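Colleague: Before I ask anything, here is the structure I am working with.
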Amino acid sequence: MNIDAKSIQVQLPDGSARTVPAGTTPLSIAADISPRLAAAAVVAQIRPKHATGASATAETESANEASMYKAEDAASERMVDLTTPLEEDVTLRLLTEKDLEALKVVRHSAAHVMATAVLELFPETKLGHGPATDSGFFYDFYRPTPFTPEDLKAIEDRMAVIVARDEKFVREWEPRDEGLARFKAENDFMKMHFIERFTQPGEKISLYRNGAFVDFCRGPHVPSTSRVKAFKVLSIAGAYWLGDEKNPQLQRIYGTAFFSKKDMEEHFARLEEAMRRDHRVLGKQLDLFSIQDIAGPGLIFWHPKGGIIRKLMEDWMREECIRRGYDMVFTPHVMRHELWKISGHAGFYAQNMYTPIELDDADYQLKPMNCPGHILIYKNTPKSYRDLPVRYAELGNVYRYERSGTMHGLLRVRGFTQDDAHIFCTPEQIEDEVSACIDFADAVLKTFGFAEFKVELSTWDPKDKASFVGSEENWSLAIGSLERVLQRKGIPYKTIAGEAAFYGPKIDIKLVDALGRLWQLSTVQFDFNLPARFELEYVGEDGERHQPVMVHRALFGSVERFFGVLIEHYAGAFPLWLAPVQVGLVPISEKHIDYAKKVQQQLQIAGLRIELDDRNEKMNAKIRDLTMQKIPYLLVMGDKEAAANTVSVRTRGKGDQGSMPLEAFVAKAKKLVEEKNTDL
């Protein structure tokens with residue numbers, strides 16, 4: 001060690017610290033700890049000792065250009081290459097294949113491997129950008145000749161060759177003007193755009209090289225191409241340059257990568273299972289809902305079987321709202337456009353709203369939100385501090401303009417029903433009300449069979465004040481209130497800067513379904529903006545007028561989206577209390593139909609939903625057809641059952657359960673329904 005070199009302190013996750021010369025790399029520290037750790041390390045996560053605030057996500061490229069090439073923030077936690085020299089005191093975490101955060105780095109490196117393969121096979125191609133995604137990666141290419149399926153196979157084969165070459169990923173720096181000149185000489189208009197937009201004159205630009213391939217990129221990357229162990233080229237799609245149809249059309253090649261072939265095989269098995277559970281396919285098979293071309297995309301028609309499930313969902317929600325102290329309200333579907341100007345939606349949310357409707361007295365607007373309507377109800381009568389909190393709830397239909405290519409079955413639609421509620425309260429009451437909303441959200445998820453969820457706290461970006469309203473003081477108070485609630489309840493959460501609603505921060509609760517997928521449904525939002533815009537008041541204990549604060553909350557999120565997730569979570573096999581048909585009746589022959597009708601009558605008196613198959617078909621055909629409907633119970637009846645007043649019970653997924661007295665079956669089924677048991 002050179003004792004004259006500047007020394008820095010490196011703190012490790014176990015609390016220990018090492019004094020090393022400035023310029024030491026994370027890889028050197030890993031090797032000093034253990035050769036096995038050095039071999040296993042994928043990427044490093046560092047944070048300067050002086051840094052404060054919430055941790056940031058990895059600085060891999062994203063599909064959003066602005067986040068792809070933003071300047072590195074030396075005051076935040078970030079991912080860096082293992083060969084990055086450390087020049088100041090830092091905390092250091094070495095990530096291996098045990099750390100999911102490292103997977104995006106592997107995928108970003110896989111995108112570079114794919115781009116390398118494309119240029120080796122098709123050197124006339126120009127490069128766009130190649131970010132990692134939650135499920136893999138893609139790269140945009142400009143090439144006049146379309147890629148073929150055979151080309152994709154050749155690209156994947158060449159990627160294997162590049163991986164075997166074990167080319168090191170090396171970060172290089174180049175003066176901005178030199179880089180622009182080089183890309184201009186190569187007619188690489190996309191790289192020129194990225195450099196001009198995301199770097200400043202006089203700066204050096206960051207490049208990554210593997211072998212002969214060089215790309216403008218901020219990284220980080222795995223040590224070498226050999227660390228991209230399991231990958232697959234998936235598909236190709238068109239994408240206009242910068243999203244503008246007047247620009248050249250690019251070819252976007254999608255792929256995925258994993259730490260191991262086993263992980264990748266499991267991923268594709270999950271995809272197959274996800275396809276089997278696709279709510280659009282099951283919705284048609286089980287006759288739950290439809291989308292009719294003649295009516296328009298993104299508009300849902302609820303069929304009788306889907307309609308009964310919707311009724312059960314809504315009935316439960318309304319009853320639970322009333323039990324928890326909410327008042328049910330109803331507001332119009334269309335209101336004057338002026339109202340949306342006051343609320344701020346006409347300015348901040350215009351791209352998601354339909355064009356105003358011109359009527360005799362004014363322009364009217366299909367509502368995208370329920371909140372202004374609830375505000376008008378609050379404002380209609382004077383309020384005292386004794387009246388607060390006021391809680392209004394509504395399952396209200398709203399209409400939002402979704403672009404044609406973004407709609408997806410029930411999950412993203414143009415017209416939907418929001419289980420919306422707005423709570424008007426004093427500043428002192430806000431944290432208790434937010435806490436109660438989180439408890440309510442937990443009850444929703446557990447009742448409908450979701451055992452796990454993750455929480456995100458979305459805050460504003462003070463640097464992007466044009467996208468938000470309100471003072472820094474108000475935002476600080478609002479964010480602090482939500483943070484205290486989550487901390488008080490001991491709920492782990494991740495802070496997402498810049499993702500708040502324009503009027504305030506929010507807590508997003510993402511459920512985890514049967515396949516481990518995250519779904520954004522429930523949200524609880526703090527609003528100090530709308531009460532000010534609408535000049536809401538209450539008379540305080542001091543006799544003076546005060547402004548209330550407001551909580552927005554939606555727990556299903558929307559009935560349509562929640563129903564779509566339910567279909568996929570249960571693969572259409574709904575628990576007994578939600579199943580559109582709870583019991584199917586199978587008389588063995590025509591002479592047993594009279595007894596089956598007697599059973600049907602008793603089950604219906606008990607409140608159960610029944611389907612009697614009295615067709616002149618063989619018993620096995622009836623059982624097969626009813627089983628295809630995923631009905632929880634099938635009751636088979638013949639001479640023996642009719643004589644003993646029993647039923648032969650077949651349970652979904654378990655088969656024949658033997659004979660049971662009819663009265664006992666009725667009692668069992670009623671109990672399961674009343675308990676809202678989700679095991680059957």
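In the structure tokens, the first chain shown is A, the next is B, and so on; residue numbers restart at 1 for each chain, and ligands run from 1 in the order shown.
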Please extract the residues of range 524-639 of chain A with a backbone DSSP assignment of alpha helix (DSSP H) and present them as a PyMOL selection string.

Modeller: chain A and resi 530-533+559-570+593-605+619-628+639

Colleague: Within 10 Å of Trp173 in chain A, counting only C-alpha atoms, which residues qualify if same-chain residues fewer than 5 places away don't, as a PDB file with C-alpha atoms, in the first residue's frame?

Modeller:
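out21.pdb was written with the following content:
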```
ATOM      1  CA  GLY A 179     -18.431  11.809 -29.543  1.00  0.00           C
ATOM      2  CA  GLU A 203     -18.634  17.708 -20.622  1.00  0.00           C
ATOM      3  CA  LYS A 204     -17.227  14.284 -21.222  1.00  0.00           C
ATOM      4  CA  ILE A 205     -19.690  11.624 -22.253  1.00  0.00           C
ATOM      5  CA  SER A 206     -19.887   8.123 -20.779  1.00  0.00           C
ATOM      6  CA  LEU A 207     -19.366   5.196 -23.148  1.00  0.00           C
ATOM      7  CA  TYR A 208     -19.304   1.447 -22.565  1.00  0.00           C
ATOM      8  CA  PHE A 216     -23.276   5.899 -25.261  1.00  0.00           C
TER       9      PHE A 216
END
```

Colleague: Excluding range 452-466 of chain A and any residue of its chain fewer than 3 positions from it, enumerate the residues within 6 Å of it, using only C-alpha atoms, and give them as an MDAnalysis selection string.

Modeller: chainID A and resid 493:500 505:512

Colleague: Can you pull out every residue within 8 Å of Thr116 in chain A, counting only C-alpha atoms, but drop anything in the same chain fewer than 2 positions away, and send it as an MDAnalysis selection string?

Modeller: chainID A and resid 112:114 118:120 159 162 213

Colleague: If you count only C-alpha atoms, which residues fall within 12 Å of Lys261 in chain A, apart from same-chain ones fewer than 6 positions away, as a list in words?

Modeller: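 Here the answer would be Val228, Lys229, Ala230, Phe231, Lys232, His267 and Phe268 of chain A.
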
Colleague: Can you pull out the residues contacting range 604-617 of chain A? Cut-off 6 Å, using only C-alpha atoms, and skip same-chain residues under 6 positions away; I want them as a ChimeraX atom specification.

Modeller: /A:581-586

Colleague: Write to file, as a JSON list (two decimals), in the first residue's frame, the residues of the selection just made, with N, CA and C atoms.

Modeller:
```
[["chain", "number", "residue", "atom", "x", "y", "z"],
["A", 581, "VAL", "N", -72.10, -19.30, -9.94],
["A", 581, "VAL", "CA", -72.89, -20.50, -9.65],
["A", 581, "VAL", "C", -72.14, -21.26, -8.57],
["A", 582, "GLN", "N", -72.79, -21.46, -7.43],
["A", 582, "GLN", "CA", -72.10, -22.07, -6.30],
["A", 582, "GLN", "C", -72.24, -23.58, -6.27],
["A", 583, "VAL", "N", -73.37, -24.07, -6.76],
["A", 583, "VAL", "CA", -73.63, -25.51, -6.71],
["A", 583, "VAL", "C", -74.27, -25.95, -8.02],
["A", 584, "GLY", "N", -73.68, -26.97, -8.65],
["A", 584, "GLY", "CA", -74.28, -27.57, -9.83],
["A", 584, "GLY", "C", -74.96, -28.88, -9.45],
["A", 585, "LEU", "N", -76.17, -29.11, -9.99],
["A", 585, "LEU", "CA", -76.95, -30.31, -9.66],
["A", 585, "LEU", "C", -76.98, -31.25, -10.86],
["A", 586, "VAL", "N", -76.64, -32.53, -10.59],
["A", 586, "VAL", "CA", -76.52, -33.52, -11.65],
["A", 586, "VAL", "C", -77.41, -34.72, -11.33]]
```

Colleague: Of the candidates A:Asp188, A:Arg624, A:Ala596, A:Lys671, which shows the shortest atom-to-atom distance to Val636 in chain A, using only C-alpha atoms?

Modeller: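 Looking at the shortest contact to Val636 in chain A, the residue is A:Ala596.
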
Colleague: Write out as a PyMOL selection string each polymer residue whose atoms come within 8 Å of Val565 in chain A, counting only C-alpha atoms; drop sequence neighbours fewer than 4 positions from it.

Modeller: chain A and resi 279+411+513+519+561+569

Colleague: Tell me, counting only C-alpha atoms, for each residue of range 508-605 of chain A within 10 Å of range 362-376 of chain A, which pair of atoms is nearest and how far apart they are in Å to one decimal, in rows ordered by chain and increasing number, as a Markdown table.

Modeller:
```
| residue | atom | partner | partner_atom | distance |
| --- | --- | --- | --- | --- |
| A:Leu530 | CA | A:Pro372 | CA | 8.3 |
| A:Pro531 | CA | A:Ile375 | CA | 8.0 |
| A:Phe534 | CA | A:Ile375 | CA | 7.7 |
| A:Leu536 | CA | A:Ile375 | CA | 8.1 |
| A:Met550 | CA | A:Ile375 | CA | 9.6 |
| A:Val551 | CA | A:Cys371 | CA | 10.0 |
| A:His552 | CA | A:Cys371 | CA | 7.7 |
```

Colleague: How would the residues just picked look written out with N, CA and C atoms as an mmCIF file, in the first residue's frame?

Modeller:
```
data_model
loop_
_atom_site.group_PDB
_atom_site.id
_atom_site.type_symbol
_atom_site.label_atom_id
_atom_site.label_comp_id
_atom_site.auth_asym_id
_atom_site.auth_seq_id
_atom_site.Cartn_x
_atom_site.Cartn_y
_atom_site.Cartn_z
ATOM 1 N N LEU A 530 -57.103 20.868 -3.154
ATOM 2 C CA LEU A 530 -58.497 21.078 -3.535
ATOM 3 C C LEU A 530 -59.301 21.835 -2.475
ATOM 4 N N PRO A 531 -59.104 21.566 -1.175
ATOM 5 C CA PRO A 531 -59.827 22.385 -0.193
ATOM 6 C C PRO A 531 -59.538 23.877 -0.349
ATOM 7 N N PHE A 534 -61.311 25.209 -3.703
ATOM 8 C CA PHE A 534 -62.764 25.349 -3.577
ATOM 9 C C PHE A 534 -63.173 26.146 -2.336
ATOM 10 N N LEU A 536 -62.944 25.581 0.871
ATOM 11 C CA LEU A 536 -63.697 24.824 1.866
ATOM 12 C C LEU A 536 -63.383 25.344 3.260
ATOM 13 N N MET A 550 -57.917 17.008 3.236
ATOM 14 C CA MET A 550 -58.739 16.030 2.519
ATOM 15 C C MET A 550 -57.939 14.764 2.245
ATOM 16 N N VAL A 551 -58.594 13.630 2.368
ATOM 17 C CA VAL A 551 -58.002 12.343 2.009
ATOM 18 C C VAL A 551 -58.813 11.752 0.861
ATOM 19 N N HIS A 552 -58.126 11.382 -0.214
ATOM 20 C CA HIS A 552 -58.747 10.601 -1.287
ATOM 21 C C HIS A 552 -58.367 9.143 -1.042
#
```

Colleague: Interatomic distance between CA of Lys598 in chain A and CA of Phe665 in chain A?

Modeller: 14.2 Å

Colleague: Between A:Ala443, A:Leu127, A:Ile253, A:Leu94, which residue has the minimum interatomic distance to Pro149 in chain A, considering only C-alpha atoms?

Modeller: A:Ile253

Colleague: May I ask which of the residues A:Gly504, A:Gln11, A:Leu445, A:Lys676 is the closest one to Ser471 in chain A, counting only C-alpha atoms?

Modeller: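 For Ser471 in chain A, the nearest of the given residues is A:Gly504.
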
Colleague: With only C-alpha atoms as the atoms that count, which of A:Gln200, A:Lys379, A:Ala501, A:Asn210 lies nearest to Phe348 in chain A?

Modeller: A:Ala501

Colleague: What is the distance, in Å and to one decimal place, between CA of Thr355 in chain A and CA of Phe416 in chain A?

Modeller: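 Between CA of Thr355 in chain A and CA of Phe416 in chain A the gap is 17.6 Å.
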
Colleague: Select, from A:Leu486, A:Val222, A:Ala132, A:Leu121, the residue with the minimum atom-to-atom distance to Lys168 in chain A, counting only C-alpha atoms.

Modeller: A:Val222
